[in-house]
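Shown next: entry.cif, given as mmCIF, C-alpha atoms.
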```cif
data_coords
loop_
_atom_site.group_PDB
_atom_site.id
_atom_site.type_symbol
_atom_site.label_atom_id
_atom_site.label_comp_id
_atom_site.auth_asym_id
_atom_site.auth_seq_id
_atom_site.Cartn_x
_atom_site.Cartn_y
_atom_site.Cartn_z
ATOM 1 C CA MET A 28 13.042 -2.561 -8.692
ATOM 2 C CA LYS A 29 11.007 -2.646 -5.480
ATOM 3 C CA LEU A 30 8.889 0.377 -6.390
ATOM 4 C CA ALA A 31 5.260 -0.221 -7.311
ATOM 5 C CA ILE A 32 2.630 2.295 -8.374
ATOM 6 C CA GLY A 33 -0.273 2.915 -6.002
ATOM 7 C CA THR A 34 -3.266 4.221 -7.922
ATOM 8 C CA VAL A 35 -5.743 5.517 -5.370
ATOM 9 C CA GLN A 36 -4.984 9.067 -6.606
ATOM 10 C CA PHE A 37 -5.987 8.021 -10.114
ATOM 11 C CA GLY A 38 -9.576 7.573 -8.974
ATOM 12 C CA ILE A 39 -10.203 9.707 -5.882
ATOM 13 C CA LYS A 40 -8.727 12.544 -3.831
ATOM 14 C CA TYR A 41 -6.275 11.111 -1.315
ATOM 15 C CA GLY A 42 -3.597 12.220 1.106
ATOM 16 C CA VAL A 43 -3.213 15.096 3.538
ATOM 17 C CA ARG A 44 -3.000 17.559 0.675
ATOM 18 C CA THR A 45 -3.080 16.832 -3.024
ATOM 19 C CA ILE A 46 -2.210 18.792 -6.148
ATOM 20 C CA ASN A 47 -5.367 17.737 -7.976
ATOM 21 C CA LYS A 48 -8.644 16.254 -6.861
ATOM 22 C CA GLN A 49 -7.868 13.412 -9.227
ATOM 23 C CA VAL A 50 -4.938 12.712 -11.539
ATOM 24 C CA LYS A 51 -5.850 13.554 -15.123
ATOM 25 C CA PHE A 52 -5.869 10.758 -17.670
ATOM 26 C CA ASN A 53 -2.998 12.159 -19.737
ATOM 27 C CA GLU A 54 -0.864 12.379 -16.601
ATOM 28 C CA VAL A 55 -1.734 8.780 -15.701
ATOM 29 C CA LYS A 56 -0.425 7.675 -19.099
ATOM 30 C CA LYS A 57 2.780 9.672 -18.604
ATOM 31 C CA ILE A 58 3.292 8.158 -15.148
ATOM 32 C CA LEU A 59 2.799 4.582 -16.331
ATOM 33 C CA ASP A 60 4.912 5.002 -19.465
ATOM 34 C CA TYR A 61 7.741 6.485 -17.426
ATOM 35 C CA ALA A 62 7.379 3.834 -14.723
ATOM 36 C CA TYR A 63 7.700 1.004 -17.216
ATOM 37 C CA SER A 64 10.702 2.659 -18.853
ATOM 38 C CA LYS A 65 12.372 2.521 -15.422
ATOM 39 C CA ASN A 66 11.558 -1.172 -14.884
ATOM 40 C CA ILE A 67 8.604 -0.539 -12.581
ATOM 41 C CA SER A 68 5.996 -3.044 -13.668
ATOM 42 C CA PHE A 69 3.710 -3.463 -10.669
ATOM 43 C CA ILE A 70 0.403 -1.650 -10.035
ATOM 44 C CA ASP A 71 -1.767 -1.699 -6.920
ATOM 45 C CA THR A 72 -5.415 -0.716 -7.278
ATOM 46 C CA ALA A 73 -8.905 -1.501 -5.957
ATOM 47 C CA ALA A 74 -12.501 -1.344 -7.073
ATOM 48 C CA GLY A 75 -13.000 1.022 -4.138
ATOM 49 C CA TYR A 76 -10.594 3.582 -5.585
ATOM 50 C CA GLY A 77 -13.267 5.454 -7.547
ATOM 51 C CA ASN A 78 -12.807 4.866 -11.278
ATOM 52 C CA SER A 79 -9.126 3.946 -10.965
ATOM 53 C CA GLU A 80 -9.565 0.500 -12.539
ATOM 54 C CA LYS A 81 -11.445 1.894 -15.528
ATOM 55 C CA ILE A 82 -8.762 4.518 -16.077
ATOM 56 C CA LEU A 83 -6.054 1.867 -15.937
ATOM 57 C CA GLY A 84 -8.012 -0.218 -18.448
ATOM 58 C CA LYS A 85 -7.952 2.671 -20.907
ATOM 59 C CA THR A 86 -4.164 2.699 -20.834
ATOM 60 C CA ASP A 87 -1.788 -0.058 -21.912
ATOM 61 C CA ILE A 88 -1.142 -2.103 -18.766
ATOM 62 C CA SER A 89 -0.446 -5.358 -20.605
ATOM 63 C CA ASN A 90 3.117 -5.406 -19.263
ATOM 64 C CA PHE A 91 2.167 -4.681 -15.665
ATOM 65 C CA SER A 92 1.370 -7.071 -12.833
ATOM 66 C CA ILE A 93 -1.818 -6.008 -11.055
ATOM 67 C CA VAL A 94 -3.121 -6.318 -7.506
ATOM 68 C CA THR A 95 -6.710 -5.366 -6.769
ATOM 69 C CA LYS A 96 -8.852 -5.732 -3.670
ATOM 70 C CA THR A 97 -12.242 -6.902 -2.476
ATOM 71 C CA ARG A 98 -14.992 -4.734 -1.087
ATOM 72 C CA TYR A 99 -15.505 -4.373 2.672
ATOM 73 C CA PHE A 100 -18.190 -6.686 4.026
ATOM 74 C CA ASN A 101 -19.965 -4.782 6.778
ATOM 75 C CA ASN A 102 -22.078 -7.640 8.155
ATOM 76 C CA PHE A 103 -20.963 -9.835 11.045
ATOM 77 C CA GLU A 104 -21.174 -13.097 9.100
ATOM 78 C CA ILE A 105 -19.932 -13.948 5.615
ATOM 79 C CA THR A 106 -22.710 -15.554 3.575
ATOM 80 C CA ASN A 107 -22.868 -17.249 0.198
ATOM 81 C CA ASN A 108 -24.294 -13.997 -1.153
ATOM 82 C CA ASP A 109 -21.138 -12.203 -0.033
ATOM 83 C CA VAL A 110 -19.011 -14.731 -1.896
ATOM 84 C CA GLU A 111 -21.110 -14.155 -5.006
ATOM 85 C CA LEU A 112 -20.628 -10.410 -4.602
ATOM 86 C CA MET A 113 -16.865 -10.855 -4.306
ATOM 87 C CA ASP A 114 -16.832 -12.989 -7.440
ATOM 88 C CA LYS A 115 -18.977 -10.491 -9.350
ATOM 89 C CA ASP A 116 -16.755 -7.610 -8.236
ATOM 90 C CA PHE A 117 -13.622 -9.478 -9.288
ATOM 91 C CA PHE A 118 -14.788 -10.200 -12.802
ATOM 92 C CA GLU A 119 -16.015 -6.610 -13.108
ATOM 93 C CA SER A 120 -12.492 -5.543 -12.135
ATOM 94 C CA LEU A 121 -10.997 -7.803 -14.808
ATOM 95 C CA LYS A 122 -13.374 -6.260 -17.339
ATOM 96 C CA ASN A 123 -12.486 -2.707 -16.299
ATOM 97 C CA LEU A 124 -8.763 -3.490 -16.311
ATOM 98 C CA LYS A 125 -9.052 -5.341 -19.638
ATOM 99 C CA LYS A 126 -7.210 -8.291 -18.128
ATOM 100 C CA THR A 127 -8.014 -12.008 -18.142
ATOM 101 C CA SER A 128 -6.021 -12.622 -14.966
ATOM 102 C CA ILE A 129 -4.030 -10.631 -12.404
ATOM 103 C CA TYR A 130 -1.213 -11.127 -9.919
ATOM 104 C CA SER A 131 -3.336 -11.010 -6.763
ATOM 105 C CA LEU A 132 -6.795 -10.435 -5.357
ATOM 106 C CA MET A 133 -6.441 -9.106 -1.841
ATOM 107 C CA ILE A 134 -8.958 -9.124 1.017
ATOM 108 C CA HIS A 135 -9.183 -5.369 1.602
ATOM 109 C CA ASN A 136 -10.556 -5.672 5.131
ATOM 110 C CA SER A 137 -8.517 -8.553 6.513
ATOM 111 C CA SER A 138 -10.853 -9.057 9.485
ATOM 112 C CA ASP A 139 -13.481 -10.278 6.986
ATOM 113 C CA LEU A 140 -11.562 -13.563 6.880
ATOM 114 C CA LEU A 141 -11.958 -14.006 10.643
ATOM 115 C CA LYS A 142 -15.723 -13.504 10.692
ATOM 116 C CA VAL A 143 -18.105 -16.423 10.922
ATOM 117 C CA GLY A 144 -18.111 -17.884 7.429
ATOM 118 C CA GLY A 145 -14.903 -16.059 6.487
ATOM 119 C CA GLY A 146 -13.454 -19.318 5.224
ATOM 120 C CA LYS A 147 -15.908 -19.120 2.335
ATOM 121 C CA LEU A 148 -14.056 -16.071 1.021
ATOM 122 C CA PHE A 149 -10.737 -17.873 1.256
ATOM 123 C CA ASN A 150 -12.116 -20.977 -0.452
ATOM 124 C CA HIS A 151 -13.305 -18.869 -3.364
ATOM 125 C CA LEU A 152 -9.949 -17.119 -3.590
ATOM 126 C CA SER A 153 -8.356 -20.565 -3.701
ATOM 127 C CA LYS A 154 -10.640 -21.485 -6.595
ATOM 128 C CA LEU A 155 -9.655 -18.333 -8.487
ATOM 129 C CA LYS A 156 -6.042 -19.288 -7.878
ATOM 130 C CA SER A 157 -6.521 -22.861 -9.120
ATOM 131 C CA ASP A 158 -8.347 -21.460 -12.170
ATOM 132 C CA LYS A 159 -5.267 -19.283 -12.796
ATOM 133 C CA LYS A 160 -7.277 -16.078 -12.530
ATOM 134 C CA ILE A 161 -4.933 -14.949 -9.776
ATOM 135 C CA ILE A 162 -1.421 -16.020 -8.847
ATOM 136 C CA LYS A 163 -1.500 -15.065 -5.175
ATOM 137 C CA ILE A 164 -4.073 -14.747 -2.404
ATOM 138 C CA GLY A 165 -3.468 -11.555 -0.457
ATOM 139 C CA VAL A 166 -4.626 -9.606 2.589
ATOM 140 C CA SER A 167 -4.319 -5.919 3.423
ATOM 141 C CA ILE A 168 -3.826 -5.195 7.119
ATOM 142 C CA TYR A 169 -3.371 -2.507 9.749
ATOM 143 C CA ASP A 170 -3.636 -4.706 12.844
ATOM 144 C CA HIS A 171 -0.688 -7.077 13.294
ATOM 145 C CA ASN A 172 -2.656 -9.231 15.744
ATOM 146 C CA ILE A 173 -5.246 -9.929 13.062
ATOM 147 C CA LEU A 174 -2.496 -11.020 10.704
ATOM 148 C CA GLN A 175 -1.205 -13.575 13.222
ATOM 149 C CA SER A 176 -4.682 -15.113 13.408
ATOM 150 C CA ILE A 177 -4.961 -15.178 9.625
ATOM 151 C CA ILE A 178 -1.582 -16.878 9.216
ATOM 152 C CA ASN A 179 -2.645 -19.489 11.765
ATOM 153 C CA ASN A 180 -5.815 -20.305 9.836
ATOM 154 C CA PHE A 181 -5.222 -19.574 6.154
ATOM 155 C CA ASP A 182 -2.492 -20.314 3.630
ATOM 156 C CA ILE A 183 -2.075 -16.787 2.272
ATOM 157 C CA ASP A 184 0.610 -15.770 -0.223
ATOM 158 C CA LEU A 185 0.839 -11.988 0.083
ATOM 159 C CA VAL A 186 0.486 -9.308 2.756
ATOM 160 C CA GLN A 187 0.243 -5.558 2.312
ATOM 161 C CA LEU A 188 0.770 -3.417 5.399
ATOM 162 C CA PRO A 189 1.736 0.136 6.425
ATOM 163 C CA PHE A 190 5.408 0.728 7.140
ATOM 164 C CA ASN A 191 7.556 3.828 7.440
ATOM 165 C CA ILE A 192 10.291 5.429 9.524
ATOM 166 C CA PHE A 193 7.808 6.406 12.247
ATOM 167 C CA ASP A 194 6.034 3.036 12.158
ATOM 168 C CA ARG A 195 8.678 0.308 12.379
ATOM 169 C CA LYS A 196 6.826 -2.174 14.567
ATOM 170 C CA ALA A 197 6.841 -4.857 11.829
ATOM 171 C CA ILE A 198 10.598 -5.054 12.337
ATOM 172 C CA ASN A 199 10.589 -4.586 16.103
ATOM 173 C CA ASN A 200 7.960 -7.252 16.837
ATOM 174 C CA GLY A 201 9.438 -9.828 14.462
ATOM 175 C CA LEU A 202 6.523 -9.776 12.017
ATOM 176 C CA PHE A 203 8.716 -9.532 8.927
ATOM 177 C CA THR A 204 10.767 -12.474 10.155
ATOM 178 C CA LEU A 205 7.578 -14.493 10.697
ATOM 179 C CA LEU A 206 6.241 -13.672 7.232
ATOM 180 C CA LYS A 207 9.522 -14.642 5.631
ATOM 181 C CA LYS A 208 9.474 -17.936 7.539
ATOM 182 C CA HIS A 209 6.044 -18.666 6.054
ATOM 183 C CA LYS A 210 7.267 -17.597 2.580
ATOM 184 C CA ILE A 211 4.652 -14.835 2.427
ATOM 185 C CA GLU A 212 5.430 -11.964 0.065
ATOM 186 C CA ILE A 213 5.488 -8.522 1.710
ATOM 187 C CA HIS A 214 4.294 -5.273 0.138
ATOM 188 C CA VAL A 215 4.392 -2.057 2.154
ATOM 189 C CA ARG A 216 2.373 1.120 1.791
ATOM 190 C CA SER A 217 2.266 4.498 3.561
ATOM 191 C CA VAL A 218 6.053 4.910 3.374
ATOM 192 C CA PHE A 219 5.503 8.693 3.285
ATOM 193 C CA LEU A 220 2.621 8.483 5.806
ATOM 194 C CA LYS A 221 0.200 9.832 3.184
ATOM 195 C CA GLY A 222 2.654 12.665 2.442
ATOM 196 C CA LEU A 223 2.886 13.833 6.046
ATOM 197 C CA LEU A 224 6.576 12.941 6.322
ATOM 198 C CA LEU A 225 7.352 15.098 3.287
ATOM 199 C CA MET A 226 5.765 18.284 4.616
ATOM 200 C CA THR A 227 7.572 21.256 6.051
ATOM 201 C CA LYS A 228 6.660 22.530 9.491
ATOM 202 C CA GLU A 229 4.824 25.443 7.869
ATOM 203 C CA ASN A 230 2.733 23.257 5.551
ATOM 204 C CA ARG A 231 1.803 20.551 8.027
ATOM 205 C CA PRO A 232 -1.808 20.850 9.252
ATOM 206 C CA LYS A 233 -1.994 22.203 12.784
ATOM 207 C CA LYS A 234 -3.896 19.172 14.053
ATOM 208 C CA PHE A 235 -0.620 17.246 13.944
ATOM 209 C CA ASN A 236 1.100 19.697 16.315
ATOM 210 C CA ARG A 237 0.522 17.386 19.277
ATOM 211 C CA TRP A 238 3.503 15.388 17.931
ATOM 212 C CA ASN A 239 5.781 18.444 17.675
ATOM 213 C CA ASN A 240 8.562 16.727 19.621
ATOM 214 C CA LEU A 241 8.642 13.946 17.039
ATOM 215 C CA TRP A 242 8.600 16.417 14.145
ATOM 216 C CA GLU A 243 11.495 18.351 15.691
ATOM 217 C CA ILE A 244 13.579 15.168 15.906
ATOM 218 C CA TRP A 245 12.647 14.276 12.320
ATOM 219 C CA HIS A 246 13.579 17.607 10.769
ATOM 220 C CA GLN A 247 16.730 17.960 12.862
ATOM 221 C CA TRP A 248 17.887 14.466 11.865
ATOM 222 C CA LEU A 249 17.268 15.203 8.175
ATOM 223 C CA ASN A 250 19.122 18.509 8.427
ATOM 224 C CA ASP A 251 22.068 17.108 10.384
ATOM 225 C CA ASN A 252 22.561 14.280 7.895
ATOM 226 C CA LYS A 253 21.914 16.342 4.761
ATOM 227 C CA ILE A 254 19.264 13.982 3.458
ATOM 228 C CA THR A 255 15.790 14.843 2.163
ATOM 229 C CA ALA A 256 12.559 13.431 3.546
ATOM 230 C CA ILE A 257 11.879 11.611 0.261
ATOM 231 C CA GLU A 258 15.361 10.085 0.236
ATOM 232 C CA ALA A 259 15.187 8.957 3.848
ATOM 233 C CA SER A 260 11.665 7.540 3.585
ATOM 234 C CA ILE A 261 12.084 5.553 0.394
ATOM 235 C CA ARG A 262 15.607 4.343 1.139
ATOM 236 C CA PHE A 263 14.516 3.077 4.537
ATOM 237 C CA ALA A 264 11.762 0.939 3.002
ATOM 238 C CA ASN A 265 14.076 -0.259 0.236
ATOM 239 C CA SER A 266 16.710 -1.249 2.789
ATOM 240 C CA VAL A 267 14.547 -3.913 4.438
ATOM 241 C CA PRO A 268 15.403 -7.209 2.717
ATOM 242 C CA GLU A 269 12.096 -8.931 3.533
ATOM 243 C CA ILE A 270 10.099 -6.303 1.603
ATOM 244 C CA SER A 271 9.314 -7.209 -2.015
ATOM 245 C CA LYS A 272 7.381 -4.118 -3.117
ATOM 246 C CA VAL A 273 7.214 -0.530 -1.889
ATOM 247 C CA LEU A 274 3.966 1.111 -2.964
ATOM 248 C CA VAL A 275 4.094 4.822 -3.725
ATOM 249 C CA GLY A 276 1.069 6.919 -4.570
ATOM 250 C CA ILE A 277 1.833 9.134 -7.543
ATOM 251 C CA GLU A 278 0.090 12.282 -8.791
ATOM 252 C CA THR A 279 2.585 13.464 -11.427
ATOM 253 C CA LYS A 280 5.398 12.063 -13.539
ATOM 254 C CA ASN A 281 7.706 14.550 -11.836
ATOM 255 C CA GLN A 282 6.904 13.046 -8.433
ATOM 256 C CA LEU A 283 7.825 9.607 -9.720
ATOM 257 C CA GLN A 284 11.088 10.969 -11.129
ATOM 258 C CA GLN A 285 11.957 12.426 -7.715
ATOM 259 C CA ILE A 286 11.258 9.123 -5.975
ATOM 260 C CA ILE A 287 13.289 7.132 -8.496
ATOM 261 C CA ASN A 288 16.169 9.595 -8.154
ATOM 262 C CA ALA A 289 16.000 9.183 -4.374
ATOM 263 C CA CYS A 290 16.448 5.423 -4.850
ATOM 264 C CA LYS A 291 19.653 5.772 -6.868
ATOM 265 C CA LYS A 292 21.765 5.891 -3.723
ATOM 266 C CA ASP A 293 21.397 3.816 -0.584
ATOM 267 C CA TYR A 294 22.971 6.252 1.898
ATOM 268 C CA LEU A 295 20.856 6.182 5.050
ATOM 269 C CA PRO A 296 22.226 7.428 8.386
ATOM 270 C CA LYS A 297 21.411 5.539 11.555
ATOM 271 C CA LEU A 298 17.924 6.306 12.835
ATOM 272 C CA PRO A 299 17.692 7.735 16.348
ATOM 273 C CA LYS A 300 15.671 5.580 18.747
ATOM 274 C CA GLU A 301 13.417 8.546 19.479
ATOM 275 C CA LEU A 302 12.301 8.685 15.832
ATOM 276 C CA TYR A 303 9.513 6.204 16.408
ATOM 277 C CA THR A 304 5.936 6.110 17.647
ATOM 278 C CA ASP A 305 3.258 3.517 18.251
ATOM 279 C CA ASP A 306 0.545 6.172 18.631
ATOM 280 C CA ILE A 307 -2.189 4.917 16.310
ATOM 281 C CA ASP A 308 -3.716 8.397 16.136
ATOM 282 C CA LEU A 309 -0.701 9.365 14.037
ATOM 283 C CA ILE A 310 0.429 6.214 12.254
ATOM 284 C CA ASN A 311 -3.062 5.058 11.283
ATOM 285 C CA PRO A 312 -4.464 7.675 8.870
ATOM 286 C CA SER A 313 -8.006 6.395 9.371
ATOM 287 C CA ASN A 314 -7.862 8.129 12.768
ATOM 288 C CA TRP A 315 -6.893 11.545 11.396
ATOM 289 C CA GLU A 316 -10.421 12.805 10.809
ATOM 290 C CA LYS A 317 -11.146 12.760 14.535
ATOM 291 C CA LEU A 318 -8.013 14.784 15.437
#
```
Rendering of file as structure tokens:
Amino acid sequence: MKLAIGTVQFGIKYGVRTINKQVKFNEVKKILDYAYSKNISFIDTAAGYGNSEKILGKTDISNFSIVTKTRYFNNFEITNNDVELMDKDFFESLKNLKKTSIYSLMIHNSSDLLKVGGGKLFNHLSKLKSDKKIIKIGVSIYDHNILQSIINNFDIDLVQLPFNIFDRKAINNGLFTLLKKHKIEIHVRSVFLKGLLLMTKENRPKKFNRWNNLWEIWHQWLNDNKITAIEASIRFANSVPEISKVLVGIETKNQLQQIINACKKDYLPKLPKELYTDDIDLINPSNWEKL
């Protein structure tokens, strides 16, 4: 199954609106047990997700493949001290997760690789790979132009990027085709746009009203085709053959059940051309605070 469990909600409050400030430990166990029973065996986490890694380590994740991520390096040049920090963070993550190795360590801020000295980070990732501490070297991106530069300079194995019905530029600009050509595994996140695509008109925060024309097209299309927002969003991501994993942030076992049920059919009506935007104020959630 393409579904993978995103765990940011296990450690911190996340999304436009959330049920809980943080998912309770007992609910985390229920989510993971149910996920594994449905052949979902992939978890995405990060040291920056609060205490998510420690919580995962207290559960039985021996049968799950794990991706975690580096810290952000805020300086303009990557130094040997930064490499040491990355290494220290990684082994702390392994300790917290109670793992001796994981599927991938991902550069969380992909532009770190393109800084002066960024090659030092990649060289250390390559060492972790040769030592069999990780299987794949990954990068997490928002900016497609940065990814092109990274592919030109580094032999990466895995890319994680945002992708959803509103944000389809990875298809339109040929990025998925390029990644497949380079045999780079693709994981996508933000398929529900941090829950925004699942909201009713009444529940959606007013600051998003500037895109009312887009919302009207969205809700009308769903209504006309008798398909729910969850069904449309998850089936669209699942329908793209180049995508290996679709990350979904989960707060309750019931949410995961709904998403799995939505995957049981592949009915997806043709998307109208108007159901698309390249406005980064909407499709990049890091810009939402300034709305």
So how many Å separate atom CA of A:Pro232 and atom CA of A:Ile277, to one decimal?
20.8 Å
Kindly give the distance, in Å, that separates atom CA of A:Ser138 and atom CA of A:Ile162, rounded to a single decimal.
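So the answer is 21.8 Å.
Atom to atom, atom CA of A:Tyr169 and atom CA of A:Phe190 stand 9.7 Å apart.
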For the file shown, what are the residues hit by the PyMOL selection byres ((chain A and resi 163) around 7), laid out as JSON, numbers by chain?
{"A": [130, 131, 156, 161, 162, 164, 165, 184, 185]}
So which residues get picked by the PyMOL selection byres ((chain A and resi 91-96) around 7) here, written as a list in words?
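The output of the PyMOL selection byres ((chain A and resi 91-96) around 7) on this file is Ser68, Phe69, Ile70, Asp71, Thr72, Ala73, Ala74, Ile88, Ser89, Asn90, Thr97, Arg98, Ile129, Tyr130, Ser131, Leu132, Met133, Ile134 and His135 of chain A.
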Hey, what comes out of the PyMOL selection byres ((chain A and resi 172) around 12) on this file? Could you write it as an MDAnalysis selection string?
chainID A and resid 137:138 141 168:171 173:179 196:197 200 202
Of the candidates A:Gly75, A:Asp158, A:Glu104, A:Val218, which shows the shortest atom-to-atom distance to A:Asp116, using all atoms listed in the file?
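Result for the nearest residue to A:Asp116: A:Gly75.
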Between A:Val215, A:Leu283, A:Val143, A:Leu309, which one has atoms that come closest to A:Asn236, using all atoms listed in the file?
A:Leu309
Take every atom of stretch 266-281 of chain A listed in the file, pad by 5 Å on each side, and give me the axis-aligned box centre and edge lengths in Å, one decimal, as JSON.
```
{"center_x": 8.4, "center_y": 2.8, "center_z": -4.6, "size_x": 26.6, "size_y": 33.5, "size_z": 28.0}
```
Of the listed residues A:Leu124, A:Ile254, A:Leu298, A:Val35, that which approaches A:Lys221 most closely, counting all atoms listed in the file
A:Val35
Taking all atoms listed in the file into account, which of A:Ser313, A:Gly276, A:Leu318, A:Gln247 comes nearest A:Lys233?
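Smallest distance to A:Lys233 is found for A:Leu318.
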So that I can see what lies close to A:Lys272, please list as number ranges by chain the residues with an atom at most 8 Å from it, counting all atoms listed in the file and leaving out residues fewer than 4 positions away in the same chain.
A: 29-31, 213-215
Residues from the last selection, C-alpha atoms, saved as a CSV table (one decimal), in the frame of the given file:
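What landed in selection33.csv:
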```
chain,number,residue,atom,x,y,z
A,29,LYS,CA,11.0,-2.6,-5.5
A,30,LEU,CA,8.9,0.4,-6.4
A,31,ALA,CA,5.3,-0.2,-7.3
A,213,ILE,CA,5.5,-8.5,1.7
A,214,HIS,CA,4.3,-5.3,0.1
A,215,VAL,CA,4.4,-2.1,2.2
```
So, counting all atoms listed in the file, which residue among A:Asn108, A:Thr255, A:Ser266, A:Asn191 is closest to A:Asn288?
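The shortest atom-to-atom distance to A:Asn288 comes from A:Thr255.
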